[in-house]
Structure formats: structure tokens, C-alpha cells
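Participant: I'd like to ask you about the structure that follows.
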Amino acid sequence: QVQLVESGGGLVQAGGSLRLSCAASGGTFSSFAMGWFRQGPGKEREFVATITSGGNLRSYADAVKGRFTISRDNAKNTLYLQMNSLKPEDTAKYYCAVRRTDPYSIKIRSIAYDYWGQGTQVTVSS
């Protein structure tokens with residue numbers, strides 16, 4: 001059983017930055033692909049970014065490309081999401097997720113992910 005705990009969310013003004021962290025335990029972190037998803041008020045959960053197990057491949061949603069950066073530290077069992085130039089439409093609860101199958105490829109559908117954290121709230125004021 002893999003446990004994921006997100007942190008780093010909060011309230012920030014438009015144009016500001018936040019760095020989210022996701023601490024993993026209960027599995028071999030370096031063997032998992034990882035992803036970030038978000039769910040805004042009244043919206044469905046949507047893909048934000050993903051990174052393969054070794055960190056050599058990354059993919060981003062068009063809405064965040066050029067502003068967000070996903071990274072991982074396998075020695076610390078931690079996933080990160082650096083968010084810059086934040087916009088009010090980035091307001092959402094952000095979730096990290098583990099994908100155990102095919103960890104060397106990019107997958108953006110939430111159904112491909114096996115374990116999820118409880119989420120951390122990000123609110124961007126205008």
C-alpha cells in the first residue's frame with residue numbers, strides 16, 4: 001500500500017508562485033511514474049503533469065505548459081510541482097498520484113493511476 005501526502009498549497013496572488021510537494025511511503029518510489037492532477041470548484045479532475053520513474057520524460061497539460069515544472073527526488077521519495085505565474089483559473093485542489101504500470105511511458109488519464117493523496121488546496125486571488 002502506497003501512501004501519499006501533499007503539502008505546499010495555500011493562498012497566493014495572481015502572478016505568484018508555489019511549490020507543491022508529495023511525500024510517498026510504502027513502496028519503491030523510484031519504480032513508479034508519478035502525476036499531478038487538479039480539481040477546481042464545479043469541475044472534473046484534470047491532468048496537470050506527469051513524470052516517468054527515472055525522471056527523464058515529462059508531460060504537461062497545455063494550460064500549465066511553460067509555467068509549471070514537475071520534478072522528483074527519488075532519494076527523498078518526493079515529487080514536486082513548481083508553479084509560477086499563477087492565474088485565478090489555477091485555483092483547485094491538487095492531487096499527486098502513483099502509476100505502477102509502464103512507468104517508462106507517459107500517461108495522462110487518471111484511470112491509469114493507482115494511488116492518490118488527499119490533496120492540497122491552491123487558491124489564486126486576482
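In the C-alpha cells, chains take letters A, B, ... by order of appearance, with residues numbered from 1 within each chain and ligands from 1 in the order shown.
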Near stretch 87-90 of chain A, within 8 Å and counting only C-alpha atoms, which residues show up once chain neighbours fewer than 5 positions away are dropped, as JSON, numbers by chain?
Facilitator: {"A": [14, 15, 40, 122, 123, 124, 125, 126]}
Participant: A:Val2, A:Met34, A:Gly26, A:Gly117: which is nearest A:Tyr94, counting only C-alpha atoms?
Facilitator: A:Gly117
Participant: Pick from A:Ile51, A:Ala63, A:Leu4, A:Met83: nearest to A:Gly16, with only C-alpha atoms counted?
Facilitator: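 Closest to A:Gly16, using only C-alpha atoms: A:Met83.
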Participant: For A:Leu20, work out the shell of residues within 12 Å, counting only C-alpha atoms and skipping chain neighbours fewer than 3 positions away, then give it as number ranges by chain.
Facilitator: A: 5-10, 17, 23, 36-37, 68-72, 78-84, 93-96, 119-122
Participant: Within 6 Å of A:Ala49, counting only C-alpha atoms, which residues show up once you throw out same-chain ones fewer than 5 positions away? Write them as a PyMOL selection string, please.
Facilitator: chain A and resi 35-36+59-60
Participant: At what distance in Å, to one decimal, does atom CA of A:Glu46 lie from atom CA of A:Ala61?
Facilitator: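 Those two atoms sit 8.8 Å apart.
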Participant: Would you work out the distance separating atom CA of A:Ala112 from atom CA of A:Thr52, expressed in Å to one decimal?
Facilitator: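 Spanning atom CA of A:Ala112 to atom CA of A:Thr52 is a straight-line distance of 13.1 Å.
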Participant: Can you list, as a PDB file with C-alpha atoms, in the first residue's frame, every protein, DNA or RNA residue that comes within 8 Å of A:Gly54 when you count only C-alpha atoms, leaving out same-chain residues fewer than 4 positions away?
Facilitator:
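Resulting contents of out-v1.pdb:
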```
ATOM      1  CA  SER A  30      11.856   5.114  -7.868  1.00  0.00           C
ATOM      2  CA  SER A  31       9.915   2.417  -9.748  1.00  0.00           C
ATOM      3  CA  TYR A 104       8.747   4.483 -18.505  1.00  0.00           C
TER       4      TYR A 104
END
```
Participant: Report, in Å to a single decimal, how far apart atom CA of A:Val64 and atom CA of A:Arg19 are.
Facilitator: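 Calculated distance between atom CA of A:Arg19 and atom CA of A:Val64 is 13.9 Å.
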Participant: Quick one: DSSP strand (DSSP E) residues in stretch 17-67 of chain A, as a list in words?
Facilitator: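 Residues of stretch 17-67 of chain A classed as strand (DSSP E): Leu18, Arg19, Leu20, Ser21, Cys22, Ala23, Ala24, Ser25, Ala33, Met34, Gly35, Trp36, Phe37, Arg38, Gln39, Glu46, Phe47, Val48, Ala49, Thr50, Ile51, Arg58, Ser59 and Tyr60 of chain A.
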Participant: What parts of stretch 8-113 of chain A does DSSP call helix (DSSP H, G or I)? I'd like the answer as a list in words.
Facilitator: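 Written out, the helix (DSSP H, G or I) residues of stretch 8-113 of chain A are Phe29, Ser30, Ser31, Pro88, Glu89, Asp90, Ser110, Ile111 and Ala112 of chain A.
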Participant: Any chance you could export the current selection's N, CA and C atoms as a PDB file, in the first residue's frame?
Facilitator:
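Here's the written file part13.pdb:
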```pdb
ATOM      1  N   PHE A  29       9.502   4.017  -4.509  1.00  0.00           N
ATOM      2  CA  PHE A  29       9.163   5.267  -5.206  1.00  0.00           C
ATOM      3  C   PHE A  29       9.846   5.360  -6.566  1.00  0.00           C
ATOM      4  N   SER A  30      11.087   4.959  -6.625  1.00  0.00           N
ATOM      5  CA  SER A  30      11.856   5.114  -7.868  1.00  0.00           C
ATOM      6  C   SER A  30      11.345   4.229  -9.001  1.00  0.00           C
ATOM      7  N   SER A  31      10.464   3.285  -8.711  1.00  0.00           N
ATOM      8  CA  SER A  31       9.915   2.417  -9.748  1.00  0.00           C
ATOM      9  C   SER A  31       8.561   2.893 -10.267  1.00  0.00           C
ATOM     10  N   PRO A  88      -5.808  32.958 -11.567  1.00  0.00           N
ATOM     11  CA  PRO A  88      -7.000  32.559 -10.800  1.00  0.00           C
ATOM     12  C   PRO A  88      -7.588  31.234 -11.268  1.00  0.00           C
ATOM     13  N   GLU A  89      -7.474  30.939 -12.548  1.00  0.00           N
ATOM     14  CA  GLU A  89      -8.025  29.678 -13.056  1.00  0.00           C
ATOM     15  C   GLU A  89      -7.210  28.464 -12.638  1.00  0.00           C
ATOM     16  N   ASP A  90      -6.072  28.670 -11.982  1.00  0.00           N
ATOM     17  CA  ASP A  90      -5.306  27.556 -11.413  1.00  0.00           C
ATOM     18  C   ASP A  90      -5.859  27.140 -10.049  1.00  0.00           C
ATOM     19  N   SER A 110      -6.421   9.754 -15.704  1.00  0.00           N
ATOM     20  CA  SER A 110      -6.405   9.460 -14.269  1.00  0.00           C
ATOM     21  C   SER A 110      -6.657   7.990 -13.980  1.00  0.00           C
ATOM     22  N   ILE A 111      -7.352   7.301 -14.863  1.00  0.00           N
ATOM     23  CA  ILE A 111      -7.657   5.893 -14.635  1.00  0.00           C
ATOM     24  C   ILE A 111      -6.395   5.040 -14.623  1.00  0.00           C
ATOM     25  N   ALA A 112      -5.311   5.540 -15.183  1.00  0.00           N
ATOM     26  CA  ALA A 112      -4.055   4.789 -15.222  1.00  0.00           C
ATOM     27  C   ALA A 112      -3.314   4.819 -13.886  1.00  0.00           C
TER      28      ALA A 112
END
```
